[in-house]
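See below for entry_23.txt, which holds compact mmCIF, C-alpha atoms.
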```
# COMPACT_ATOMS: atom_id res chain seq x y z
CA MET A 1 -4.63 67.46 56.61
CA ASN A 2 -7.10 65.08 58.30
CA PRO A 3 -10.40 64.21 56.50
CA PRO A 4 -13.65 65.52 57.98
CA ASP A 5 -15.14 63.38 60.73
CA ASP A 6 -18.17 62.40 58.61
CA VAL A 7 -16.04 60.95 55.79
CA LEU A 8 -15.39 57.20 56.19
CA PRO A 9 -12.19 55.61 54.96
CA PRO A 10 -12.57 53.53 51.77
CA VAL A 11 -13.32 49.84 52.16
CA THR A 12 -10.49 47.68 50.92
CA SER A 13 -11.25 44.76 48.63
CA SER A 14 -9.74 42.34 51.14
CA GLN A 15 -12.48 42.99 53.67
CA PRO A 16 -15.22 40.33 53.37
CA VAL A 17 -18.76 41.55 52.87
CA TYR A 18 -20.45 38.32 53.98
CA ARG A 19 -19.25 36.63 57.15
CA TYR A 20 -20.66 33.13 57.10
CA ALA A 21 -22.08 31.30 60.10
CA ALA A 22 -19.80 28.54 61.34
CA ARG A 23 -22.39 25.88 60.48
CA THR A 24 -22.06 26.64 56.75
CA ALA A 25 -18.68 24.91 56.77
CA GLY A 26 -20.53 21.60 56.70
CA MET A 27 -22.93 22.59 53.94
CA LYS A 28 -22.10 20.94 50.62
CA PRO A 29 -23.96 20.91 47.32
CA SER A 30 -25.84 17.75 46.44
CA ALA A 31 -23.70 15.46 44.29
CA ILE A 32 -26.85 14.43 42.45
CA ARG A 33 -27.87 18.00 41.64
CA GLU A 34 -24.39 18.75 40.32
CA ILE A 35 -24.48 15.65 38.11
CA LEU A 36 -27.90 16.60 36.75
CA LYS A 37 -26.50 19.98 35.64
CA VAL A 38 -23.79 18.26 33.61
CA THR A 39 -26.07 15.61 32.12
CA ALA A 40 -29.01 17.82 31.19
CA ALA A 41 -28.35 17.51 27.44
CA PRO A 42 -31.18 15.66 25.68
CA ASP A 43 -28.82 13.13 24.08
CA VAL A 44 -27.57 11.94 27.49
CA ILE A 45 -29.38 8.91 28.89
CA SER A 46 -29.49 9.65 32.59
CA PHE A 47 -30.30 7.23 35.38
CA ALA A 48 -29.01 9.75 37.91
CA GLY A 49 -32.02 11.67 39.23
CA GLY A 50 -34.58 10.25 41.60
CA LEU A 51 -37.34 11.43 39.34
CA PRO A 52 -40.83 10.07 38.77
CA ALA A 53 -41.88 9.67 35.14
CA PRO A 54 -43.26 13.04 33.97
CA GLU A 55 -45.32 11.45 31.21
CA LEU A 56 -47.33 9.72 33.94
CA PHE A 57 -48.22 12.89 35.85
CA PRO A 58 -52.04 13.25 35.89
CA VAL A 59 -51.84 16.70 34.33
CA GLU A 60 -55.44 16.94 33.14
CA ALA A 61 -56.85 15.71 36.44
CA VAL A 62 -54.63 18.14 38.36
CA ALA A 63 -55.81 20.96 36.07
CA ARG A 64 -59.44 20.04 36.80
CA SER A 65 -58.73 20.03 40.52
CA ALA A 66 -56.99 23.40 40.28
CA GLN A 67 -59.94 24.90 38.46
CA ALA A 68 -62.42 23.34 40.86
CA VAL A 69 -60.56 24.77 43.85
CA LEU A 70 -60.32 28.27 42.40
CA LEU A 71 -63.93 28.40 41.23
CA SER A 72 -65.40 26.99 44.43
CA ALA A 73 -66.67 28.98 47.38
CA ASP A 74 -63.30 28.22 48.98
CA GLY A 75 -61.45 29.82 46.04
CA PRO A 76 -60.44 33.05 47.81
CA ALA A 77 -59.21 31.08 50.83
CA SER A 78 -56.98 29.00 48.54
CA LEU A 79 -55.08 32.20 47.72
CA GLN A 80 -54.96 33.44 51.30
CA TYR A 81 -52.74 32.69 54.27
CA GLY A 82 -53.71 29.62 56.29
CA VAL A 83 -52.84 27.85 59.51
CA THR A 84 -49.30 26.56 59.91
CA GLU A 85 -50.35 22.99 60.70
CA GLY A 86 -52.07 22.71 57.33
CA HIS A 87 -55.49 22.66 55.67
CA LEU A 88 -57.77 20.72 58.02
CA PRO A 89 -59.61 18.66 55.35
CA LEU A 90 -56.24 17.54 53.96
CA ARG A 91 -55.03 16.58 57.44
CA GLN A 92 -58.23 14.62 57.93
CA TRP A 93 -57.62 12.77 54.68
CA VAL A 94 -53.98 12.06 55.64
CA ALA A 95 -55.05 10.56 58.96
CA ALA A 96 -57.55 8.28 57.21
CA HIS A 97 -55.02 7.44 54.48
CA LEU A 98 -52.36 6.40 57.01
CA ALA A 99 -54.85 4.21 58.86
CA GLU A 100 -55.78 2.49 55.61
CA THR A 101 -52.34 2.09 54.04
CA VAL A 102 -49.85 1.65 56.92
CA SER A 103 -52.20 0.84 59.85
CA LEU A 104 -51.08 3.99 61.69
CA SER A 105 -53.69 5.37 64.06
CA VAL A 106 -53.35 9.16 64.30
CA THR A 107 -55.72 12.11 64.45
CA PRO A 108 -55.78 15.14 62.14
CA ASP A 109 -54.30 17.12 65.03
CA ASP A 110 -51.21 14.87 64.89
CA ILE A 111 -50.50 15.88 61.28
CA VAL A 112 -48.35 18.79 60.07
CA ILE A 113 -48.39 19.52 56.33
CA THR A 114 -44.94 20.50 55.08
CA HIS A 115 -43.46 21.95 51.91
CA GLY A 116 -42.20 18.58 50.67
CA SER A 117 -40.65 15.91 52.86
CA GLN A 118 -37.26 17.66 52.67
CA GLN A 119 -38.68 20.53 54.71
CA ALA A 120 -39.97 18.05 57.28
CA LEU A 121 -36.45 16.64 57.64
CA ASP A 122 -35.10 20.14 58.10
CA LEU A 123 -37.72 21.04 60.72
CA ILE A 124 -37.09 17.89 62.74
CA ALA A 125 -33.34 18.51 62.64
CA LYS A 126 -33.83 22.15 63.63
CA VAL A 127 -35.91 21.17 66.65
CA LEU A 128 -33.95 18.12 67.84
CA LEU A 129 -30.31 18.52 66.87
CA ASP A 130 -27.54 20.53 68.49
CA PRO A 131 -24.00 20.70 67.12
CA GLY A 132 -22.22 17.45 67.85
CA ASP A 133 -25.37 15.36 68.36
CA LEU A 134 -25.50 11.87 66.93
CA VAL A 135 -28.00 10.62 64.33
CA VAL A 136 -27.99 6.91 63.50
CA THR A 137 -28.73 5.89 59.92
CA GLU A 138 -28.49 2.98 57.54
CA ASN A 139 -25.33 2.81 55.49
CA PRO A 140 -25.46 3.86 52.70
CA ALA A 141 -28.10 6.48 53.49
CA TYR A 142 -30.31 9.04 51.74
CA LEU A 143 -28.10 11.92 50.67
CA GLY A 144 -30.75 14.60 51.26
CA ALA A 145 -31.10 13.60 54.91
CA LEU A 146 -27.33 13.54 55.37
CA GLN A 147 -27.15 17.09 54.02
CA VAL A 148 -29.74 18.23 56.56
CA PHE A 149 -27.92 16.62 59.48
CA GLN A 150 -24.64 18.16 58.33
CA ALA A 151 -26.26 21.59 58.05
CA TYR A 152 -27.17 21.45 61.74
CA GLU A 153 -23.66 20.24 62.64
CA ALA A 154 -24.81 16.83 63.82
CA HIS A 155 -22.75 13.69 63.27
CA ALA A 156 -24.37 10.88 61.29
CA VAL A 157 -23.38 7.35 62.25
CA GLY A 158 -23.95 4.82 59.48
CA LEU A 159 -24.48 1.26 60.70
CA ALA A 160 -24.00 -2.00 58.87
CA SER A 161 -26.78 -2.78 56.40
CA ASP A 162 -27.30 -5.59 53.94
CA ALA A 163 -29.85 -6.91 51.45
CA HIS A 164 -32.52 -6.75 54.17
CA GLY A 165 -31.72 -3.28 55.48
CA LEU A 166 -30.21 -2.10 58.75
CA GLN A 167 -28.83 -4.95 60.85
CA PRO A 168 -30.45 -4.93 64.32
CA THR A 169 -27.33 -6.48 65.84
CA ALA A 170 -25.29 -3.51 64.60
CA LEU A 171 -27.81 -1.08 66.10
CA ARG A 172 -27.83 -2.83 69.47
CA ALA A 173 -24.03 -3.08 69.58
CA PHE A 174 -23.62 0.61 68.80
CA LEU A 175 -26.18 1.78 71.36
CA GLU A 176 -24.69 -0.45 74.04
CA SER A 177 -21.19 0.88 73.43
CA SER A 178 -21.89 4.56 72.69
CA PRO A 179 -21.23 6.91 75.63
CA VAL A 180 -23.68 9.37 74.05
CA ARG A 181 -27.31 8.56 73.36
CA PRO A 182 -28.21 9.46 69.73
CA LYS A 183 -30.93 12.03 69.25
CA LEU A 184 -32.55 10.17 66.36
CA LEU A 185 -32.65 6.96 64.33
CA TYR A 186 -33.44 7.77 60.69
CA LEU A 187 -34.70 5.01 58.38
CA ILE A 188 -36.27 4.52 54.95
CA PRO A 189 -37.67 1.01 55.53
CA ASN A 190 -39.43 0.63 52.16
CA TYR A 191 -37.36 0.48 48.92
CA GLN A 192 -34.62 2.58 50.43
CA ASN A 193 -32.83 5.39 48.65
CA PRO A 194 -30.19 4.66 47.38
CA THR A 195 -30.19 0.84 47.56
CA GLY A 196 -33.83 -0.10 46.93
CA VAL A 197 -33.74 -2.65 49.76
CA SER A 198 -36.51 -3.05 52.34
CA LEU A 199 -36.46 -3.98 56.01
CA THR A 200 -38.01 -7.36 56.76
CA ALA A 201 -40.92 -7.48 59.19
CA ALA A 202 -38.75 -9.26 61.75
CA ARG A 203 -36.07 -6.59 61.55
CA ARG A 204 -38.64 -3.80 61.84
CA ALA A 205 -40.00 -5.31 65.02
CA GLU A 206 -36.54 -5.80 66.53
CA ILE A 207 -35.26 -2.36 65.55
CA VAL A 208 -38.18 -0.48 67.14
CA ARG A 209 -37.81 -2.56 70.33
CA ILE A 210 -34.11 -1.74 70.52
CA ALA A 211 -34.70 1.96 69.87
CA ALA A 212 -37.42 2.10 72.52
CA HIS A 213 -35.22 0.30 75.05
CA PHE A 214 -32.41 2.83 74.60
CA GLY A 215 -34.74 5.84 74.38
CA VAL A 216 -33.91 6.80 70.79
CA PRO A 217 -36.73 8.35 68.71
CA VAL A 218 -37.29 6.82 65.27
CA LEU A 219 -38.02 8.81 62.12
CA GLU A 220 -39.60 6.66 59.42
CA ASP A 221 -39.26 8.32 56.01
CA ASP A 222 -41.68 6.58 53.62
CA PRO A 223 -41.78 8.30 50.22
CA TYR A 224 -41.86 5.06 48.20
CA GLY A 225 -44.02 2.67 50.24
CA ALA A 226 -47.03 2.89 47.90
CA LEU A 227 -44.88 1.91 44.90
CA ARG A 228 -44.81 -1.81 45.67
CA PHE A 229 -44.41 -4.27 42.77
CA SER A 230 -44.01 -7.49 44.73
CA GLY A 231 -43.75 -8.75 48.28
CA GLU A 232 -45.98 -7.92 51.24
CA ALA A 233 -46.87 -4.41 52.35
CA GLN A 234 -45.64 -3.58 55.86
CA PRO A 235 -47.28 -1.36 58.48
CA ALA A 236 -45.60 1.74 59.87
CA LEU A 237 -42.77 1.20 62.35
CA GLY A 238 -44.80 2.88 65.08
CA THR A 239 -47.40 0.10 64.95
CA PHE A 240 -45.03 -2.70 66.02
CA PRO A 241 -45.22 -3.98 69.61
CA GLY A 242 -43.08 -1.98 72.00
CA ALA A 243 -42.56 0.92 69.57
CA ARG A 244 -42.20 4.33 71.20
CA ASP A 245 -41.48 7.85 70.01
CA CYS A 246 -41.88 7.05 66.30
CA LEU A 247 -42.40 9.79 63.71
CA TYR A 248 -43.82 9.06 60.26
CA LEU A 249 -43.08 11.10 57.14
CA GLY A 250 -45.04 10.69 53.90
CA THR A 251 -45.38 12.70 50.70
CA SER A 252 -47.43 13.22 47.57
CA SER A 253 -44.27 13.68 45.50
CA LYS A 254 -43.87 10.07 44.35
CA ILE A 255 -47.57 9.16 44.14
CA LEU A 256 -48.85 12.38 42.52
CA ALA A 257 -46.30 15.02 41.50
CA PRO A 258 -43.17 16.39 43.23
CA GLY A 259 -43.74 19.93 41.96
CA LEU A 260 -46.75 20.34 44.22
CA ARG A 261 -44.46 20.13 47.29
CA VAL A 262 -47.05 18.68 49.68
CA ALA A 263 -45.93 16.22 52.35
CA TRP A 264 -47.15 15.19 55.79
CA LEU A 265 -45.50 14.52 59.12
CA ALA A 266 -47.31 12.49 61.78
CA VAL A 267 -46.22 13.49 65.29
CA THR A 268 -48.23 12.13 68.21
CA ASP A 269 -46.15 13.90 70.89
CA ALA A 270 -47.88 17.25 71.45
CA GLY A 271 -44.78 19.01 72.76
CA LEU A 272 -42.64 18.01 69.79
CA ARG A 273 -45.43 18.88 67.36
CA GLU A 274 -45.69 22.36 68.89
CA LYS A 275 -41.93 22.91 68.47
CA ILE A 276 -42.07 21.72 64.84
CA THR A 277 -45.02 24.01 64.14
CA SER A 278 -43.17 26.97 65.63
CA ALA A 279 -40.10 26.14 63.52
CA LYS A 280 -42.26 25.99 60.40
CA GLN A 281 -43.82 29.36 61.22
CA ALA A 282 -40.33 30.83 61.33
CA ALA A 283 -39.37 29.11 58.06
CA ASP A 284 -42.32 29.82 55.74
CA LEU A 285 -45.45 30.49 57.84
CA GLN A 286 -47.33 27.69 56.05
CA THR A 287 -47.41 25.35 53.07
CA SER A 288 -49.24 26.83 50.06
CA SER A 289 -52.99 27.10 50.71
CA PHE A 290 -53.65 26.52 47.03
CA THR A 291 -51.58 23.36 46.52
CA GLN A 292 -52.92 21.85 49.74
CA ARG A 293 -56.48 22.31 48.52
CA LEU A 294 -55.55 21.09 45.06
CA VAL A 295 -54.09 17.86 46.47
CA HIS A 296 -57.07 17.39 48.75
CA HIS A 297 -59.50 17.84 45.87
CA TYR A 298 -57.61 15.33 43.72
CA VAL A 299 -57.34 12.62 46.37
CA SER A 300 -61.01 13.12 47.29
CA GLN A 301 -62.19 12.02 43.85
CA PRO A 302 -63.35 8.39 44.24
CA GLY A 303 -60.69 6.00 42.98
CA ALA A 304 -58.48 8.72 41.45
CA LEU A 305 -55.38 8.21 43.58
CA SER A 306 -55.60 4.41 43.73
CA ALA A 307 -55.99 4.16 39.95
CA HIS A 308 -53.05 6.49 39.37
CA VAL A 309 -50.82 4.61 41.82
CA GLU A 310 -51.73 1.34 40.14
CA THR A 311 -50.60 2.81 36.81
CA LEU A 312 -47.31 3.89 38.38
CA ARG A 313 -46.76 0.44 39.83
CA SER A 314 -47.41 -1.27 36.52
CA VAL A 315 -45.12 0.98 34.47
CA TYR A 316 -42.32 1.15 37.04
CA ALA A 317 -42.39 -2.61 37.54
CA ARG A 318 -41.88 -3.13 33.80
CA ARG A 319 -38.99 -0.68 33.78
CA ARG A 320 -37.40 -2.33 36.81
CA ASP A 321 -37.69 -5.75 35.20
CA LEU A 322 -36.22 -4.46 31.96
CA MET A 323 -33.27 -2.87 33.78
CA LEU A 324 -32.61 -6.02 35.81
CA ALA A 325 -32.64 -8.14 32.68
CA ALA A 326 -30.32 -5.70 30.90
CA LEU A 327 -27.88 -5.67 33.82
CA GLU A 328 -27.79 -9.46 33.72
CA ARG A 329 -27.07 -9.33 30.02
CA GLU A 330 -24.69 -6.36 29.77
CA LEU A 331 -22.58 -6.22 32.95
CA PRO A 332 -19.44 -8.33 33.21
CA ALA A 333 -18.74 -10.95 35.84
CA GLY A 334 -17.98 -9.57 39.31
CA CYS A 335 -20.83 -7.05 39.26
CA THR A 336 -23.81 -7.41 41.60
CA TRP A 337 -27.00 -5.42 42.13
CA THR A 338 -30.07 -5.26 44.33
CA LYS A 339 -33.48 -6.49 43.17
CA PRO A 340 -35.98 -4.11 44.77
CA ASP A 341 -39.63 -5.01 45.34
CA GLY A 342 -40.67 -1.42 44.60
CA GLY A 343 -39.61 2.22 44.60
CA LEU A 344 -37.40 4.01 42.08
CA PHE A 345 -33.84 2.71 42.51
CA LEU A 346 -31.45 -0.17 42.44
CA TRP A 347 -27.86 -0.32 43.66
CA VAL A 348 -24.90 -1.74 41.77
CA THR A 349 -21.58 -2.93 43.17
CA LEU A 350 -18.73 -3.21 40.66
CA PRO A 351 -15.36 -4.95 41.00
CA ALA A 352 -13.22 -3.29 43.66
CA SER A 353 -10.77 -1.87 41.12
CA ILE A 354 -13.35 0.58 39.73
CA ASP A 355 -13.98 4.01 41.25
CA THR A 356 -17.42 5.04 39.99
CA THR A 357 -16.72 8.75 40.47
CA ALA A 358 -13.95 8.48 37.87
CA LEU A 359 -16.08 6.11 35.82
CA LEU A 360 -18.82 8.74 35.55
CA GLN A 361 -16.47 11.07 33.66
CA ILE A 362 -15.90 8.36 31.06
CA ALA A 363 -19.59 7.45 30.98
CA ALA A 364 -20.60 11.08 30.39
CA ARG A 365 -18.53 11.12 27.21
CA GLU A 366 -20.54 8.08 26.09
CA LYS A 367 -23.77 9.96 26.88
CA ILE A 368 -24.73 7.86 29.89
CA ALA A 369 -25.11 9.03 33.50
CA PHE A 370 -25.59 7.51 36.94
CA VAL A 371 -24.90 8.59 40.52
CA PRO A 372 -21.62 7.39 42.02
CA GLY A 373 -22.17 5.69 45.34
CA ALA A 374 -19.53 7.56 47.36
CA PRO A 375 -21.72 10.50 48.57
CA PHE A 376 -24.30 8.12 50.07
CA TRP A 377 -21.86 6.43 52.44
CA VAL A 378 -21.55 7.62 56.01
CA GLY A 379 -17.91 7.58 56.97
CA GLU A 380 -15.52 5.75 54.65
CA PRO A 381 -17.10 5.61 51.16
CA VAL A 382 -17.29 2.42 49.15
CA ARG A 383 -16.17 3.77 45.79
CA ASN A 384 -17.11 0.85 43.54
CA THR A 385 -20.86 1.43 44.01
CA LEU A 386 -23.45 3.38 42.04
CA ARG A 387 -27.18 4.13 42.04
CA LEU A 388 -29.50 3.69 39.07
CA ASN A 389 -32.99 5.15 38.71
CA PHE A 390 -35.38 3.11 36.54
CA SER A 391 -38.59 5.17 36.83
CA ASN A 392 -37.65 8.14 34.66
CA SER A 393 -36.59 6.40 31.45
CA THR A 394 -38.49 4.80 28.60
CA GLU A 395 -37.98 1.12 27.93
CA GLU A 396 -35.96 1.96 24.81
CA ARG A 397 -33.63 4.29 26.72
CA ILE A 398 -33.15 1.68 29.44
CA GLU A 399 -32.07 -0.87 26.83
CA THR A 400 -29.71 1.56 25.11
CA GLY A 401 -28.40 3.03 28.36
CA MET A 402 -27.60 -0.31 29.95
CA ALA A 403 -25.71 -1.39 26.83
CA ARG A 404 -23.63 1.81 27.04
CA LEU A 405 -23.04 1.34 30.78
CA GLY A 406 -21.92 -2.25 30.27
CA ALA A 407 -19.48 -1.20 27.57
CA VAL A 408 -18.02 1.53 29.79
CA ILE A 409 -17.57 -0.88 32.69
CA ARG A 410 -16.00 -3.59 30.52
CA ALA A 411 -13.58 -1.01 29.10
CA ALA A 412 -12.64 0.12 32.61
CA LEU A 413 -11.81 -3.46 33.55
```

Can you turn what I pasted into structure tokens?
Amino acid sequence: MNPPDDVLPPVTSSQPVYRYAARTAGMKPSAIREILKVTAAPDVISFAGGLPAPELFPVEAVARSAQAVLLSADGPASLQYGVTEGHLPLRQWVAAHLAETVSLSVTPDDIVITHGSQQALDLIAKVLLDPGDLVVTENPAYLGALQVFQAYEAHAVGLASDAHGLQPTALRAFLESSPVRPKLLYLIPNYQNPTGVSLTAARRAEIVRIAAHFGVPVLEDDPYGALRFSGEAQPALGTFPGARDCLYLGTSSKILAPGLRVAWLAVTDAGLREKITSAKQAADLQTSSFTQRLVHHYVSQPGALSAHVETLRSVYARRRDLMLAALERELPAGCTWTKPDGGLFLWVTLPASIDTTALLQIAAREKIAFVPGAPFWVGEPVRNTLRLNFSNSTEERIETGMARLGAVIRAAL
């Protein structure tokens, strides 16, 4: 006897409920986030995360700004929807801040406030990248950016880099030989993540000239530029002679607090800015009205931001120096490392016989953690590399942690 027409056959367990989009095949979890899950125990000394020092967050000042925003005449608006481009007074401050700090001349209308710089990367990729497009990067490169490019099915091309950043000769050679023009050149020119190295002024000038000649837009990601301990500050890439189609990305995460999720993207091309704004509307409508006003109130207090950044520089410089001295003392012959002029990271290269992914498993048992270098490489990974963060550890933990790391490396050799 046949079942009634309105009775559906049972669904078998083999039938998938969720049918993923093809682009999810390239989506992979962050190696850093996975490491942080494993090393979250309080007795583990971790140099893995790219974290600012929480004890230096200006908690009381932020609380005063939060209260001032809520109790002001603008209080109700801070809890309301706002314009997608961002809170106008904050955009005005960003424009003035960029002119003062990186010599970049933009108007408030050129600024889009985003939910952290990671969202800005995602929006740019969403607007510019089709499956199969090329994005040129340094090598090794920032893992978070590589994840974004992979998510939109673009192909990252990592070019030769050294102690002074991306090699202009490698960029020119690739662009001359490539049958396909890349959609984007992505760079962190100041205290790069993961290596901590910075582009020299001469290389900056040459790179932007090459990119302009071949018609490749440049995205300058500058989360660490304010955290300079030594050396000369450099202007934005878009200010160098001959520069064209340069985007600038900055954030409050490293100079104030990452939990506020307030960043800014400077886009002088009106058509591109309109596309990015439309993409943001589709993603989240707007960045939080409240946190935008909170950040604006804080940075508007005379001397507040500059004094806080100076404190960060002083403390982070001491921690960098302590880590460099400990590496010199604790690591065996055959190990080398970068000596950054600022930022949060340094990069270690071990003897070729050591795979740092395997080494991390041993290190974790000794209650020490770092990030293996392999995930940062575009193309063939260099497995004897690792990244260390010096900002998020006390001086005592740096001393103890470097001694443990040295012992683990010596044992592996």

Within 9 Å of stretch 48-60 of chain A, which residues of stretch 241-261 of chain A come that close, and what is the closest atom pair and distance in Å for each? Count only C-alpha atoms and give it as a Markdown table.
```
| residue | atom | partner | partner_atom | distance |
| --- | --- | --- | --- | --- |
| A:Ser253 | CA | A:Pro52 | CA | 8.4 |
| A:Lys254 | CA | A:Pro52 | CA | 6.4 |
| A:Ile255 | CA | A:Pro52 | CA | 8.7 |
| A:Leu256 | CA | A:Phe57 | CA | 6.7 |
| A:Ala257 | CA | A:Phe57 | CA | 6.3 |
| A:Pro258 | CA | A:Pro52 | CA | 8.1 |
```

Item to check | Proximity to A:Ser230 - best of A:Asp284, A:Glu85, A:Asp321, A:Glu399, all atoms listed in the file | outcome: A:Asp321

Checklist entry - Restricting the calculation to all atoms listed in the file, which member of A:Ala407, A:Val112, A:Ala233, A:Ala201 is positioned closest to A:Leu249? => result A:Val112

Next on the checklist: Which residues are close to A:Ala212, i.e. within 10 Å by all atoms listed in the file, leaving aside same-chain residues fewer than 2 positions away? Reply as a list in words.
Outcome noted: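 The residues satisfying every condition are Glu206, Ile207, Val208, Arg209, Ile210, Phe214, Gly215, Val216, Pro217, Val218, Gly242, Ala243, Arg244, Asp245 and Cys246 of chain A.
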
Item to check | Within 7 Å of stretch 296-312 of chain A using only C-alpha atoms, minus same-chain residues under 5 positions, as a VMD selection string | outcome: chain A and resid 62 65 90 255

Item to check | Interatomic distance, atom CA of A:Ser288 to atom CA of A:Pro194 (Å, one decimal) | outcome: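 Going from atom CA of A:Ser288 over to atom CA of A:Pro194, I get 29.4 Å.
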
Item to check | Spatial neighbours of stretch 175-186 of chain A, max dist 7 Å, only C-alpha atoms, sep filter under 2 positions, as a PyMOL selection string | outcome: chain A and resi 128-129+133-137+171-173+216-220

Next on the checklist: Please compute the atom CA of A:Phe240-atom CA of A:Ala125 distance, one decimal, in Å.
Outcome noted: 24.5 Å

Item to check | Selection: 10 Å around A:Gln292, only C-alpha atoms, excl. self and same-chain fewer than 5 positions, as JSON, numbers by chain | outcome: {"A": [78, 86, 87, 88, 89, 90, 91, 113, 114, 115, 260, 261, 262, 263, 287, 297]}

Next on the checklist: Measuring between all atoms listed in the file, which one of A:Gly373, A:Gly158, A:Pro223, A:Pro131 shows the shortest distance to A:Ile188?
Outcome noted: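 Closest to A:Ile188, using all atoms listed in the file: A:Pro223.
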
Item to check | A:Val378, A:Leu327, A:Val127, A:Leu166 ranked by distance to A:Gly401, top pick (using only C-alpha atoms) | outcome: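 Closest residue, counting only C-alpha atoms: A:Leu327.
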
Item to check | Residue among A:Lys280, A:Arg320, A:His97, A:Lys339 lying closest to A:Ala163, counting all atoms listed in the file | outcome: A:Lys339

Checklist entry - So what do you get for atom CA of A:Phe174 versus atom CA of A:Ala160, distance-wise? => result 10.3 Å

Next on the checklist: So that I can check the surroundings of A:Ser161, please list as a list of chain:residue names every protein, DNA and RNA residue that reaches within 8 Å of it, counting all atoms listed in the file and ignoring chain neighbours fewer than 4 positions away.
Outcome noted: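 Contacts, in chain order: A:Glu138, A:Asn139, A:Pro140, A:Gly165, A:Leu166, A:Gln167.
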
Checklist entry - Of the candidates A:Leu386, A:Val44, A:Ala352, A:Val315, which one gets nearest to A:Asn193 if we count all atoms listed in the file? => result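 Under the stated criterion, the closest residue is A:Leu386.
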